[in-house]
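Asks: Below is the structure I would like to discuss, written out as structure tokens.
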Amino acid sequence: MSDQLKAAAASSSSGGSSADGPKETGWRLLLGAYFDFIRIRFLTMLAYRINYYSGILIYTLNIGVNYFTWKAIYGNGESLGGFTGAQMTTYVAVSWMARAFYFNNLDREISTDIRDGSIAIQFIRPYNYVLVKMMQGLGEGMFRFMMLMIPGMVIAILLFPVHLPTEPSAWAGFLVMLFFSFLISSQINIITGLSAFFVENNEGMMRMKRVVVDLFSGLIVPITLFPDWLSSILKVLPFQAITYLPGSVFTGRVHGVGIWNVLGIQVIWFVVLLIPIVWLYHASRQRLFVQGG
Amino acid sequence: MNAIQVQDLRKTFKVQKNREGLKGAFADLFKREYSEVTAVKDISFSIPQGEICGYIGENGAGKSTTIKMLTGILVPTSGSLSVGGYIPYEEREKFVRNIGVVFGQRSQLWWDIGVIESFQLLRKVYRVPELDFKKRLDELVERLELQDLLNRPVRKLSLGQRMRCELVAALLHNPSILFLDEPTIGLDIVVKSEIRQFLKDMNREHGTTILLTTHDLQDIEALCSRVIMLDDGRIIYDGGLEDLKQRWGTGREVQFQFGAPTKLEQLMQWTEEMPVTWTSENDLGAKVWIPLELNVSDVLGRVVGQADITDIKIIETNTDDIVRSIYQSGSAEKPEEKILALKDEKEVIHV
Amino acid sequence: MKLYYLDLLVEYIKNYMKTRLTYRADFWVEVVSDLLFQATNFIFILVIFMHTNSLGGWSQNEVVFVYGFFMVPFGVFSCFVNMWGFSERYIVKGEMDRILTRPAHNLFQIFLENVDPPALVGSFIGLIIMGISGSNLGLPFEWWTLPMIIVLTLSAVAIYTGIYTTLTSLSFYSDAPTGILPLMYNIQTYGRYPVTIYNRAIQVLLTWIIPFAFVGVYPAALFLHREEMQGMALLTPVVGAIFLGIGLLSWNYGVKKYKGAGS
């Protein structure tokens, strides 16, 4: 951690000698520092060779196993919950691809920082702690997506008959929605992590969150396959915006104006989830600096 | 019989080089570059049974690496060693029943449970018969005055209390050889001297061989008849402590705080015929450097009666300073020559 | 010798209890969240069978039975062989030094120091699930049922132990903090579906390379009287012995390469 910060500080101080006004330079420095958090996390992930190679293998296997499980579930190819067999296998592949990008352990990192007390130092540094965590998560996501998922997907397509869309517009839309998936999932992680300030043991919360996100985002089972009462509840929760909605667009089940609706839902959840984060962040600072932790 | 016998012992580590930047990181993913670092370079020495030997040197000199090889934690790259009749890394589980190990920075004890529970567990691990255990524990507890601490969890002990418990933990199975890595680090003077006295008694009563690393010259002074000094993986001195200090010790420094302004000339005058050097920090503070052959108390005697003193601090040279001064003292002399000179000396002392 | 290790095990579990009595809430949090992880997959099975009545020729009760069996060795394994965070705790922080200066086998000491009895709750629930789905299927309870459950459970535990020990021993050579373990965790769950639904490559992988099929579907098939997998089921102890052997060998070799922490 301290190395990362040092490196970030070093490169940001060397990078800003422009003749702009002092305020603008400051902004640029800060922005540079935030970008460095992405870069450094990416490099850190890259440093472990065995993890990397086995990671590719395991991602390939994940796609493969899920593909065949669903193929077996479909058996003789009628449609389930509005998904055809081909749509379903694509949906599964895409969901795992998305998960590689949006998944991170920010909740665990934050609650560790809180429990060992290093959060106090983080809070007095001249940057926004939550934003830094977000950037680190982004670095991690980019690493997994580019370095694990894409090779894994290439191998999977060679080995198993997974079909991905070919139109560039579907991909462009997917990437935008994927970014929002990352934002929403990370926001939920941050909320869970910061709750360590107020709950004595948030280990249970973190595990619960993981189960809930995997299950209710539609990663394991598309939401439409759930019983009606459950899927109607899930439609008003933020989790579907992480996997199910972007997956539906990418598999072509939602098109035209519907795409904008999906994007709208993601944006709304992103904004709504900002409220508890801002509140928790201020309450945490309050607790740390006024009550002394 | 020698408790420890080491011949041409060497340990080389392969260290991975990280190339810089994103490009470097990608390159590392496909082809790693390694460099070799030799931490211990063909050292030889032997320690007879019942000796207390100090193993000193700067950080990174190879002390810990040697200790770890002697205790069976690390496997040597080459050379031979025998500790208490065993080759440590080959028959590790049998071998470690004869040794005790205390790493000053690392605990042997279980954090959350009472000290006595840790001892009970160690009894089982070391297969000490119940009766022997009782007798031994009673003896150690009394000697180190731990009666009141036994039921407390380790996390509630002070560092000094914990260190005394660590010693008990390392000695419960009555090992014939004891390895101590910085046993007094961070302790206050009282605890330090208690522990030193205890180790001395242990050595006298049970004939326990002790090898300790330390940065505290007073540990060495109080305990060791012999010192092995390491630098950059090689032994640069092996012999008595007095010789070492005489040859390389720089002396001591005493700091004074005065109640009333005291002139430097005045101080110099009081100690006129003594080979000491005064430096003043301000009107109310001064330092004097006293060479080894002079008694500190003689110098203090001159000053104490006459000046208005509020505080005195005596600063001993530590082993690091001595090692440093070995190199600084004749910068024209090459280290190799020194090592040769020292090797000759070793012959004189140990033949 | 055997008695010595058994004695130590009892001693360590006692200590675990003593420390845990002070943090009783944590105990239940752990039990509940463990079960939640398991529940994810159980819900998957339930949802799937709302829409179909066979998975590659296996009925819901059969798949649930396999799932129940899977939980039994997994609980035992998680209780007695817990290697999470080995690299961080023992290598980076240097706790391995302490382990190596004690007169019991180092790997066994690490198992002892990390015993995790709450995990056994999962095994009990697994047995209950087996009981319920087994009686739904009308499976007979033969004289060999109970002994075979024990033998196959132990074999499956040996397979887990072998695989995870091999992977963990990598941290002696490599800088890798054991980031592979969580990924492996995903893979092992694939052993609880009938492997015949996968293509050839994945079947071979899950049978012979990382043999997680032997901790779930193969041994369970014995009790389900699935003729096509009987042979595989009886092979479980052999695979267990082989993989445990590989694990121990690579561990012992790795310990020799241990570099110690810092200076």
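Ligands are numbered from 1 in the order shown, chains are lettered A, B, ... in the order of the structure tokens, and residues start at 1 in each chain.
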Check every residue of chain B for an atom within 8 Å of chain A, counting only C-alpha atoms, and provide those that qualify as a PDB file with N, CA, C and O atoms, in the first residue's frame.
Replies:
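Now in iface.pdb:
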```pdb
ATOM      1  N   GLY B  21       8.116  -0.572 -15.081  1.00  0.00           N
ATOM      2  CA  GLY B  21       7.042  -0.096 -15.940  1.00  0.00           C
ATOM      3  C   GLY B  21       6.160  -1.200 -16.495  1.00  0.00           C
ATOM      4  O   GLY B  21       6.357  -2.381 -16.226  1.00  0.00           O
ATOM      5  N   LEU B  22       5.195  -0.774 -17.287  1.00  0.00           N
ATOM      6  CA  LEU B  22       4.221  -1.706 -17.825  1.00  0.00           C
ATOM      7  C   LEU B  22       4.906  -2.710 -18.750  1.00  0.00           C
ATOM      8  O   LEU B  22       4.642  -3.902 -18.720  1.00  0.00           O
ATOM      9  N   ALA B  25       6.795  -5.202 -16.806  1.00  0.00           N
ATOM     10  CA  ALA B  25       5.914  -6.155 -16.141  1.00  0.00           C
ATOM     11  C   ALA B  25       5.446  -7.223 -17.124  1.00  0.00           C
ATOM     12  O   ALA B  25       5.374  -8.395 -16.791  1.00  0.00           O
ATOM     13  N   PHE B  26       5.150  -6.802 -18.359  1.00  0.00           N
ATOM     14  CA  PHE B  26       4.737  -7.780 -19.369  1.00  0.00           C
ATOM     15  C   PHE B  26       5.881  -8.719 -19.713  1.00  0.00           C
ATOM     16  O   PHE B  26       5.697  -9.919 -19.855  1.00  0.00           O
ATOM     17  N   ASP B  28       8.279  -9.559 -17.776  1.00  0.00           N
ATOM     18  CA  ASP B  28       8.473 -10.468 -16.645  1.00  0.00           C
ATOM     19  C   ASP B  28       7.494 -11.630 -16.671  1.00  0.00           C
ATOM     20  O   ASP B  28       7.768 -12.702 -16.157  1.00  0.00           O
ATOM     21  N   LEU B  29       6.350 -11.369 -17.285  1.00  0.00           N
ATOM     22  CA  LEU B  29       5.320 -12.395 -17.326  1.00  0.00           C
ATOM     23  C   LEU B  29       5.792 -13.592 -18.144  1.00  0.00           C
ATOM     24  O   LEU B  29       5.437 -14.728 -17.871  1.00  0.00           O
TER      25      LEU B  29
END
```
Asks: Using only C-alpha atoms, what does the table of chain C residues within 9 Å of chain B look like, with each row giving the shortest atom pair and its distance in Å to one decimal, sorted by chain and ascending number, as a Markdown table?
Replies:
```
| residue | atom | partner | partner_atom | distance |
| --- | --- | --- | --- | --- |
| C:Tyr4 | CA | B:Lys124 | CA | 8.2 |
| C:Tyr5 | CA | B:Val125 | CA | 8.9 |
| C:Asp7 | CA | B:Lys124 | CA | 7.8 |
| C:Leu8 | CA | B:Lys124 | CA | 6.6 |
| C:Glu11 | CA | B:Leu121 | CA | 6.7 |
| C:Tyr12 | CA | B:Leu121 | CA | 7.7 |
| C:Asn15 | CA | B:Ile113 | CA | 7.5 |
| C:Lys18 | CA | B:Ile113 | CA | 7.1 |
| C:Thr19 | CA | B:Asp112 | CA | 6.0 |
| C:Gly94 | CA | B:Arg106 | CA | 8.6 |
| C:Glu95 | CA | B:Arg106 | CA | 7.9 |
| C:Met96 | CA | B:Ile73 | CA | 8.3 |
| C:Asp97 | CA | B:Ile73 | CA | 6.0 |
| C:Arg98 | CA | B:Gln108 | CA | 6.9 |
| C:Ile99 | CA | B:Ile73 | CA | 8.8 |
| C:Leu100 | CA | B:Ile73 | CA | 5.6 |
| C:Thr101 | CA | B:Val96 | CA | 5.7 |
| C:Arg102 | CA | B:Val96 | CA | 6.0 |
| C:Pro103 | CA | B:Glu93 | CA | 4.2 |
| C:Ala104 | CA | B:Glu93 | CA | 5.8 |
| C:His105 | CA | B:Glu93 | CA | 6.9 |
| C:Asn106 | CA | B:Glu93 | CA | 8.7 |
| C:Asp175 | CA | B:Gln16 | CA | 9.0 |
| C:Val255 | CA | B:Leu74 | CA | 8.6 |
| C:Lys256 | CA | B:Val75 | CA | 6.0 |
| C:Lys257 | CA | B:Val75 | CA | 7.4 |
| C:Tyr258 | CA | B:Leu74 | CA | 6.6 |
| C:Lys259 | CA | B:Leu74 | CA | 6.7 |
| C:Gly260 | CA | B:Leu74 | CA | 7.3 |
| C:Ser263 | CA | B:Ser64 | CA | 6.3 |
```
Asks: How close does chain A get to chain C? List, as a Markdown table, each residue of chain A within 9 Å, its nearest atom pair and the distance in Å to one decimal, counting only C-alpha atoms.
Replies:
```
| residue | atom | partner | partner_atom | distance |
| --- | --- | --- | --- | --- |
| A:Ala47 | CA | C:Ala176 | CA | 8.4 |
| A:Tyr48 | CA | C:Ala176 | CA | 5.3 |
| A:Arg49 | CA | C:Ala176 | CA | 7.2 |
| A:Ile50 | CA | C:Ala176 | CA | 6.5 |
| A:Asn51 | CA | C:Ile180 | CA | 5.7 |
| A:Tyr52 | CA | C:Ile180 | CA | 8.8 |
| A:Ser54 | CA | C:Ile180 | CA | 7.0 |
| A:Gly55 | CA | C:Ile180 | CA | 7.1 |
| A:Ile58 | CA | C:Leu183 | CA | 6.8 |
| A:Tyr59 | CA | C:Leu183 | CA | 8.5 |
| A:Leu61 | CA | C:Ile202 | CA | 7.5 |
| A:Asn62 | CA | C:Ile187 | CA | 7.2 |
| A:Gly64 | CA | C:Ile202 | CA | 7.7 |
| A:Val65 | CA | C:Tyr198 | CA | 6.6 |
| A:Asn66 | CA | C:Tyr190 | CA | 9.0 |
| A:Tyr67 | CA | C:Tyr198 | CA | 8.6 |
| A:Phe68 | CA | C:Tyr198 | CA | 5.3 |
| A:Thr69 | CA | C:Ile197 | CA | 6.5 |
| A:Lys71 | CA | C:Ile197 | CA | 8.1 |
| A:Ala72 | CA | C:Gly56 | CA | 5.4 |
| A:Ile73 | CA | C:Leu55 | CA | 5.4 |
| A:Tyr74 | CA | C:Thr52 | CA | 7.8 |
| A:Gly75 | CA | C:Gly56 | CA | 7.2 |
| A:Leu80 | CA | C:His51 | CA | 6.9 |
| A:Gly81 | CA | C:His51 | CA | 8.3 |
| A:Leu159 | CA | C:Ala201 | CA | 8.8 |
| A:Phe160 | CA | C:Asn199 | CA | 8.5 |
| A:Asn201 | CA | C:Asp26 | CA | 7.5 |
| A:Glu203 | CA | C:Val29 | CA | 7.6 |
| A:Gly204 | CA | C:Val29 | CA | 5.5 |
| A:Met205 | CA | C:Ser33 | CA | 8.6 |
| A:Arg207 | CA | C:Ser33 | CA | 6.0 |
| A:Met208 | CA | C:Ser33 | CA | 6.5 |
| A:Arg210 | CA | C:Phe37 | CA | 8.6 |
| A:Val211 | CA | C:Phe37 | CA | 6.2 |
| A:Val212 | CA | C:Thr40 | CA | 8.5 |
| A:Asp214 | CA | C:Thr40 | CA | 8.1 |
| A:Leu215 | CA | C:Thr40 | CA | 6.6 |
| A:Ile220 | CA | C:Phe44 | CA | 6.9 |
| A:Val221 | CA | C:Phe44 | CA | 6.6 |
| A:Leu225 | CA | C:Val47 | CA | 6.9 |
| A:Phe226 | CA | C:Val47 | CA | 6.3 |
| A:Pro227 | CA | C:Val47 | CA | 8.0 |
```
Asks: Given the choices B:Lys17, B:Arg196, B:Lys11, B:Arg136, which gets closest to Leu171 (chain B) if the distance is worked out from only C-alpha atoms?
Replies: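 Looking at the shortest contact to Leu171 (chain B), the residue is B:Arg136.
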Asks: Do you have the CA of Thr145 (chain C)-CA of Phe65 (chain C) distance handy?
Replies: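 Value for the CA of Thr145 (chain C)-CA of Phe65 (chain C) distance: 14.0 Å.
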Asks: Residues within 8 Å of Thr153 (chain C), please, as an MDAnalysis selection string. Count only C-alpha atoms; anything in the same chain fewer than 5 positions from it doesn't count.
Replies: chainID C and resid 72:73 215
Asks: One number please: CA of Cys224 (chain B) to CA of Glu51 (chain B), in Å, one decimal.
Replies: 8.0 Å
Asks: Leaving out Ile52 (chain B) and any residue of its chain fewer than 6 positions from it, which residues lie within 8 Å of it when counting only C-alpha atoms, given as a compact mmCIF listing (two decimals) with N, CA, C and O atoms, in the first residue's frame?
Replies:
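Heads up, here's the output in out_16.txt:
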```
# COMPACT_ATOMS: atom_id res chain seq x y z
N ASN B 203 23.06 -21.36 31.96
CA ASN B 203 24.29 -21.87 31.37
C ASN B 203 25.15 -22.55 32.42
O ASN B 203 25.71 -23.62 32.20
N THR B 209 24.33 -24.71 26.07
CA THR B 209 25.09 -23.92 25.11
C THR B 209 24.17 -22.83 24.57
O THR B 209 23.03 -23.10 24.24
N ILE B 210 24.67 -21.60 24.48
CA ILE B 210 23.81 -20.51 24.02
C ILE B 210 24.49 -19.77 22.88
O ILE B 210 25.67 -19.40 22.97
N LEU B 211 23.74 -19.58 21.80
CA LEU B 211 24.22 -18.74 20.70
C LEU B 211 23.22 -17.60 20.57
O LEU B 211 22.03 -17.83 20.38
N LEU B 212 23.71 -16.36 20.70
CA LEU B 212 22.74 -15.28 20.59
C LEU B 212 23.20 -14.19 19.64
O LEU B 212 24.40 -13.91 19.54
N LEU B 223 27.26 -11.58 29.00
CA LEU B 223 27.05 -13.01 28.80
C LEU B 223 28.19 -13.75 28.14
O LEU B 223 28.52 -14.87 28.52
N CYS B 224 28.80 -13.13 27.13
CA CYS B 224 29.57 -13.94 26.20
C CYS B 224 31.04 -13.94 26.52
O CYS B 224 31.64 -12.89 26.75
N SER B 225 31.59 -15.13 26.47
CA SER B 225 33.02 -15.22 26.57
C SER B 225 33.63 -15.11 25.18
O SER B 225 34.80 -14.84 25.02
N ARG B 226 32.79 -15.29 24.21
CA ARG B 226 33.31 -15.33 22.85
C ARG B 226 32.36 -14.60 21.91
O ARG B 226 31.15 -14.63 22.10
```
Asks: Do you have the CA of Gly85 (chain C)-CA of Ile150 (chain A) distance handy?
Replies: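 Going from CA of Gly85 (chain C) over to CA of Ile150 (chain A) covers 28.1 Å.
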